[in-house]
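Okay, structure first, notes after.
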Amino acid sequence: MMHEQMIRTMDELRAKSFYENKQIIAVAAAEDEYVLHAVKAAVEEKISEFVLVGNEKIMKEKAESIALDLSNIPIVDEKEPHQAAEKAVSLIRESKAHILMKGTLSSAELLKAVLHKKEGLRTGNILSMAGVFELPAYHKLLILTDPAVNLVQDLTHKISMLKNGIEISQALGILRPKAAPLCAIEKVNPAMQATMDAQILCEMAEKGEIEDIILEGPMSLDVAISAEAAKQKGMVSQISGDVDILLTPNIEAGNILYKTLIHLAKGRNAGIVLGASVPIIMTSRSDSADAKMNSIALALLISDCRKKAGWD
């Protein structure tokens, strides 16, 4: 499920968003100014169509303030966030939309609707969130998983996180991504579970139990992103300084690194959740309109790749 050419920047990602078959995005709790800015940009660029679910009165007020014409965009009036989430999910189940997007509601509220046993979007796979970053100090897009969804990130979760990261990488044109299970140290220490998990994951990759990946670890962040740091530490690595996927040891580390890359490293970002029946656009409520537009472009790319690969 690989894109024909490697995508290295957010502008390149957004330039790939013009697909023959327009995808419909259902936005849950769409009464968010940044979300509506992204909707406006996507509509003006004609890359997607939308169904907006949420408080219609507030939505129209905010749309008017940013000169967004809602006359040709369907609106479903649901004033409570949890009801907006349930309705947006139902639109996906009824094939009236193809991608789900988080608006001004909590991740927990959205995921509760997604994970409903009868009325949700379950596939049997574990959901995980990935942030994709364009950073001034790095030479290509960098994937970070999981900063938001899995409260517990044990070995089983990490396997799914890696597999979802591989899907994103391949959509970006990287056939066999390089991944680093992040730890505080580079040696296995039984007192540090993350290092034990990293060792097992690397063994699984070597045996082909996790396919299409080059995995080394345990690995500290500096070694993962800097070949010079690896050299200074006397390490020989085929991924240092050229890693594609950073696998977090736990949600706290992932969330802190995610927000550090945005607010201190000035990274442009996109956020997506995979593991459900459709891609889910999920950014922080504090993320910019640019981040939400990048996330739309990423979801459209993955959805298009899935269609080309014959996914239902």
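For the structure tokens, the naming scheme is as follows: chains receive sequential letters (A, B, ...) according to their order of presentation, residues are indexed from 1 within each chain, and ligands are indexed from 1 in presentation order.
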
Go through range 192-279 of chain A residue by residue and, counting only C-alpha atoms, keep those with an atom at most 10 Å from range 154-161 of chain A; for each kept residue give the shortest atom pair and its distance in Å to one decimal, ordered by chain and increasing number, as a Markdown table.
```
| residue | atom | partner | partner_atom | distance |
| --- | --- | --- | --- | --- |
| A:Gln193 | CA | A:Asp154 | CA | 9.0 |
| A:Ala194 | CA | A:Asp154 | CA | 8.6 |
| A:Met196 | CA | A:Leu155 | CA | 9.3 |
| A:Asp197 | CA | A:Leu155 | CA | 5.9 |
| A:Ala198 | CA | A:Leu155 | CA | 8.7 |
| A:Ile200 | CA | A:Leu155 | CA | 8.3 |
| A:Leu201 | CA | A:Ile159 | CA | 7.4 |
| A:Met204 | CA | A:Ile159 | CA | 9.4 |
| A:Glu209 | CA | A:Ile159 | CA | 9.8 |
| A:Ile210 | CA | A:Ile159 | CA | 7.7 |
| A:Leu247 | CA | A:Lys158 | CA | 7.6 |
| A:Thr248 | CA | A:Lys158 | CA | 8.4 |
| A:Pro249 | CA | A:Lys158 | CA | 8.5 |
| A:Asn250 | CA | A:Asp154 | CA | 8.3 |
| A:Val273 | CA | A:Met161 | CA | 10.0 |
| A:Leu274 | CA | A:Met161 | CA | 8.8 |
| A:Gly275 | CA | A:Ser160 | CA | 8.2 |
```

Sorted by chain and rising residue number, which residues of range 29-107 of chain A lie within 8 Å of range 277-295 of chain A, and what are their closest atom pairs and distances in Å to one decimal, counting only C-alpha atoms, as JSON lines?
```
{"residue": "A:Tyr34", "atom": "CA", "partner": "A:Ala289", "partner_atom": "CA", "distance": 4.6}
{"residue": "A:Val35", "atom": "CA", "partner": "A:Ala289", "partner_atom": "CA", "distance": 6.3}
{"residue": "A:His37", "atom": "CA", "partner": "A:Ala289", "partner_atom": "CA", "distance": 5.9}
{"residue": "A:Ala38", "atom": "CA", "partner": "A:Met293", "partner_atom": "CA", "distance": 4.9}
{"residue": "A:Val39", "atom": "CA", "partner": "A:Met293", "partner_atom": "CA", "distance": 7.6}
{"residue": "A:Ala41", "atom": "CA", "partner": "A:Met293", "partner_atom": "CA", "distance": 7.4}
{"residue": "A:Ala42", "atom": "CA", "partner": "A:Met293", "partner_atom": "CA", "distance": 7.2}
{"residue": "A:His98", "atom": "CA", "partner": "A:Val278", "partner_atom": "CA", "distance": 6.6}
{"residue": "A:Ile99", "atom": "CA", "partner": "A:Pro279", "partner_atom": "CA", "distance": 5.6}
{"residue": "A:Leu100", "atom": "CA", "partner": "A:Ile280", "partner_atom": "CA", "distance": 4.8}
{"residue": "A:Met101", "atom": "CA", "partner": "A:Ile281", "partner_atom": "CA", "distance": 4.5}
{"residue": "A:Lys102", "atom": "CA", "partner": "A:Met282", "partner_atom": "CA", "distance": 5.3}
{"residue": "A:Gly103", "atom": "CA", "partner": "A:Arg285", "partner_atom": "CA", "distance": 7.4}
{"residue": "A:Thr104", "atom": "CA", "partner": "A:Arg285", "partner_atom": "CA", "distance": 6.3}
{"residue": "A:Leu105", "atom": "CA", "partner": "A:Arg285", "partner_atom": "CA", "distance": 7.7}
{"residue": "A:Ser106", "atom": "CA", "partner": "A:Arg285", "partner_atom": "CA", "distance": 7.9}
{"residue": "A:Ser107", "atom": "CA", "partner": "A:Met282", "partner_atom": "CA", "distance": 7.7}
```

Just checking: using only C-alpha atoms, which residue out of A:Glu211, A:Glu12, A:Glu56, A:Glu86 ends up closest to Ile166 in chain A?
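Ranking A:Glu211, A:Glu12, A:Glu56, A:Glu86 by distance to Ile166 in chain A, first place goes to A:Glu211.
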
Based on the backbone DSSP call, show me all residues of range 100-291 of chain A assigned alpha helix (DSSP H), as an MDAnalysis selection string.
chainID A and resid 107:114 155:171 193:206 221:225 227:232 251:263 289:291

Figure out the distance between CA of Lys178 in chain A and CA of Val243 in chain A, please, to one decimal in Å.
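One can read the CA of Val243 in chain A to CA of Lys178 in chain A distance as 5.0 Å.
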
In terms of the shortest atom-to-atom distance over only C-alpha atoms, which of A:Cys183, A:Ile251, A:Ala309, A:Ile245 is closest to Phe133 in chain A?
A:Ile245

Near Gln170 in chain A, counting only C-alpha atoms, which residues have an atom at most 12 Å away, once you skip same-chain residues fewer than 6 positions from it, shown as a PyMOL selection string?
chain A and resi 1-7+143+163-164+176-178+212-213+244-245+298+301-302+305-306+309

Can you tell me which residues surround Ala85 in chain A at a distance of at most 9 Å, considering only C-alpha atoms, apart from same-chain residues fewer than 5 positions away, and format the answer as a ChimeraX atom specification?
/A:27-29,53-54,80,90,102,105,109-114

Output for the residues just chosen: all heavy atoms as a tab-separated table (two decimals), in the first residue's frame:
```tsv
chain	number	residue	atom	x	y	z
A	27	VAL	N	-17.50	15.27	10.53
A	27	VAL	CA	-16.84	15.96	11.64
A	27	VAL	C	-17.75	15.93	12.86
A	27	VAL	O	-18.87	16.42	12.82
A	27	VAL	CB	-16.49	17.41	11.27
A	27	VAL	CG1	-15.68	18.06	12.39
A	27	VAL	CG2	-15.74	17.49	9.96
A	28	ALA	N	-17.26	15.36	13.95
A	28	ALA	CA	-18.03	15.28	15.19
A	28	ALA	C	-17.75	16.50	16.06
A	28	ALA	O	-16.60	16.82	16.35
A	28	ALA	CB	-17.67	14.01	15.95
A	29	ALA	N	-18.82	17.22	16.46
A	29	ALA	CA	-18.70	18.46	17.24
A	29	ALA	C	-17.90	19.48	16.45
A	29	ALA	O	-16.82	19.92	16.87
A	29	ALA	CB	-18.09	18.19	18.61
A	53	VAL	N	-21.37	17.73	12.03
A	53	VAL	CA	-22.29	17.31	13.09
A	53	VAL	C	-21.94	18.08	14.36
A	53	VAL	O	-20.78	18.08	14.79
A	53	VAL	CB	-22.17	15.80	13.36
A	53	VAL	CG1	-23.22	15.36	14.38
A	53	VAL	CG2	-22.30	14.99	12.07
A	54	GLY	N	-22.93	18.75	14.93
A	54	GLY	CA	-22.66	19.52	16.14
A	54	GLY	C	-23.72	20.57	16.38
A	54	GLY	O	-24.83	20.51	15.82
A	80	GLU	N	-25.12	18.03	22.03
A	80	GLU	CA	-24.25	17.38	23.01
A	80	GLU	C	-23.09	16.67	22.30
A	80	GLU	O	-23.32	15.94	21.32
A	80	GLU	CB	-25.05	16.38	23.84
A	80	GLU	CG	-26.14	17.01	24.69
A	80	GLU	CD	-25.57	17.99	25.71
A	80	GLU	OE1	-24.46	17.72	26.23
A	80	GLU	OE2	-26.21	19.01	25.98
A	90	SER	N	-22.34	6.95	13.06
A	90	SER	CA	-23.43	6.31	12.33
A	90	SER	C	-23.40	6.67	10.84
A	90	SER	O	-23.75	5.85	9.99
A	90	SER	CB	-24.79	6.69	12.94
A	90	SER	OG	-25.16	8.02	12.61
A	102	LYS	N	-12.35	14.49	14.41
A	102	LYS	CA	-12.63	15.01	15.75
A	102	LYS	C	-12.73	16.53	15.72
A	102	LYS	O	-11.88	17.21	15.17
A	102	LYS	CB	-11.51	14.58	16.69
A	102	LYS	CG	-11.55	15.16	18.10
A	102	LYS	CD	-10.42	14.58	18.92
A	102	LYS	CE	-10.29	15.22	20.29
A	102	LYS	NZ	-9.57	16.49	20.25
A	105	LEU	N	-14.48	18.17	20.92
A	105	LEU	CA	-14.86	17.24	21.97
A	105	LEU	C	-13.61	16.48	22.38
A	105	LEU	O	-12.60	16.50	21.68
A	105	LEU	CB	-15.97	16.28	21.51
A	105	LEU	CG	-15.63	15.12	20.58
A	105	LEU	CD1	-16.83	14.19	20.45
A	105	LEU	CD2	-15.17	15.56	19.22
A	109	GLU	N	-14.48	11.01	24.40
A	109	GLU	CA	-15.87	11.03	23.92
A	109	GLU	C	-15.97	10.47	22.50
A	109	GLU	O	-16.89	9.70	22.18
A	109	GLU	CB	-16.42	12.46	23.96
A	109	GLU	CG	-16.73	12.98	25.35
A	109	GLU	CD	-17.14	14.43	25.36
A	109	GLU	OE1	-16.42	15.26	24.78
A	109	GLU	OE2	-18.17	14.74	25.97
A	110	LEU	N	-15.04	10.85	21.65
A	110	LEU	CA	-15.06	10.35	20.28
A	110	LEU	C	-14.79	8.85	20.23
A	110	LEU	O	-15.50	8.08	19.56
A	110	LEU	CB	-14.03	11.09	19.43
A	110	LEU	CG	-14.00	10.70	17.95
A	110	LEU	CD1	-15.30	11.10	17.26
A	110	LEU	CD2	-12.81	11.34	17.24
A	111	LEU	N	-13.79	8.41	20.97
A	111	LEU	CA	-13.40	7.00	20.92
A	111	LEU	C	-14.44	6.09	21.57
A	111	LEU	O	-14.57	4.92	21.20
A	111	LEU	CB	-12.03	6.81	21.58
A	111	LEU	CG	-10.87	7.47	20.82
A	111	LEU	CD1	-9.57	7.30	21.58
A	111	LEU	CD2	-10.74	6.89	19.41
A	112	LYS	N	-15.19	6.61	22.52
A	112	LYS	CA	-16.27	5.82	23.12
A	112	LYS	C	-17.28	5.43	22.05
A	112	LYS	O	-17.75	4.28	22.00
A	112	LYS	CB	-16.95	6.60	24.24
A	112	LYS	CG	-18.04	5.80	24.95
A	112	LYS	CD	-18.66	6.60	26.10
A	112	LYS	CE	-19.74	5.78	26.79
A	112	LYS	NZ	-20.36	6.55	27.92
A	113	ALA	N	-17.60	6.38	21.16
A	113	ALA	CA	-18.53	6.09	20.07
A	113	ALA	C	-17.90	5.15	19.04
A	113	ALA	O	-18.55	4.23	18.54
A	113	ALA	CB	-18.97	7.39	19.40
A	114	VAL	N	-16.63	5.35	18.75
A	114	VAL	CA	-15.92	4.51	17.78
A	114	VAL	C	-15.85	3.07	18.27
A	114	VAL	O	-16.00	2.12	17.48
A	114	VAL	CB	-14.50	5.06	17.53
A	114	VAL	CG1	-13.66	4.07	16.73
A	114	VAL	CG2	-14.58	6.39	16.80
```

Quick one: distance from CA of Ile214 in chain A to CA of Leu142 in chain A in Å, one decimal?
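Going from CA of Ile214 in chain A over to CA of Leu142 in chain A covers 14.9 Å.
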
Could you work out how far CA of Leu36 in chain A lies from CA of Val76 in chain A, giving the answer in Å with one decimal?
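According to the coordinates, CA of Val76 in chain A and CA of Leu36 in chain A are separated by 14.8 Å.
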
With a distance cut-off of 10 Å and only C-alpha atoms, select the neighbouring residues of Leu135 in chain A, excluding the residue or stretch itself and same-chain residues fewer than 5 positions from it, and output the selection as a list in words.
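Once the adjacent positions are removed, what remains is Thr9, Lys140, Leu141, Leu142, Leu261, Ile262, Ala265, Lys266, Gly267, Arg268 and Asn269 of chain A.
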
Determine which residues of range 63-233 of chain A receive a DSSP assignment of strand (DSSP E or B), computed from the backbone, and state them as a ChimeraX atom specification.
/A:75-77,99-102,128-134,142-145,178-182,214-215,219

Extract, using only C-alpha atoms, all DNA, RNA and protein residues at most 9 Å from range 226-242 of chain A, discarding same-chain residues fewer than 5 positions from it, and format them as a PyMOL selection string.
chain A and resi 138-140+178-180+214-216+221

Counting only C-alpha atoms, the option among A:Gln153, A:Thr145, A:Gln23, A:Ser65 closest to Ile92 in chain A:
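When distances to Ile92 in chain A are compared using only C-alpha atoms, the smallest one comes from A:Gln23.
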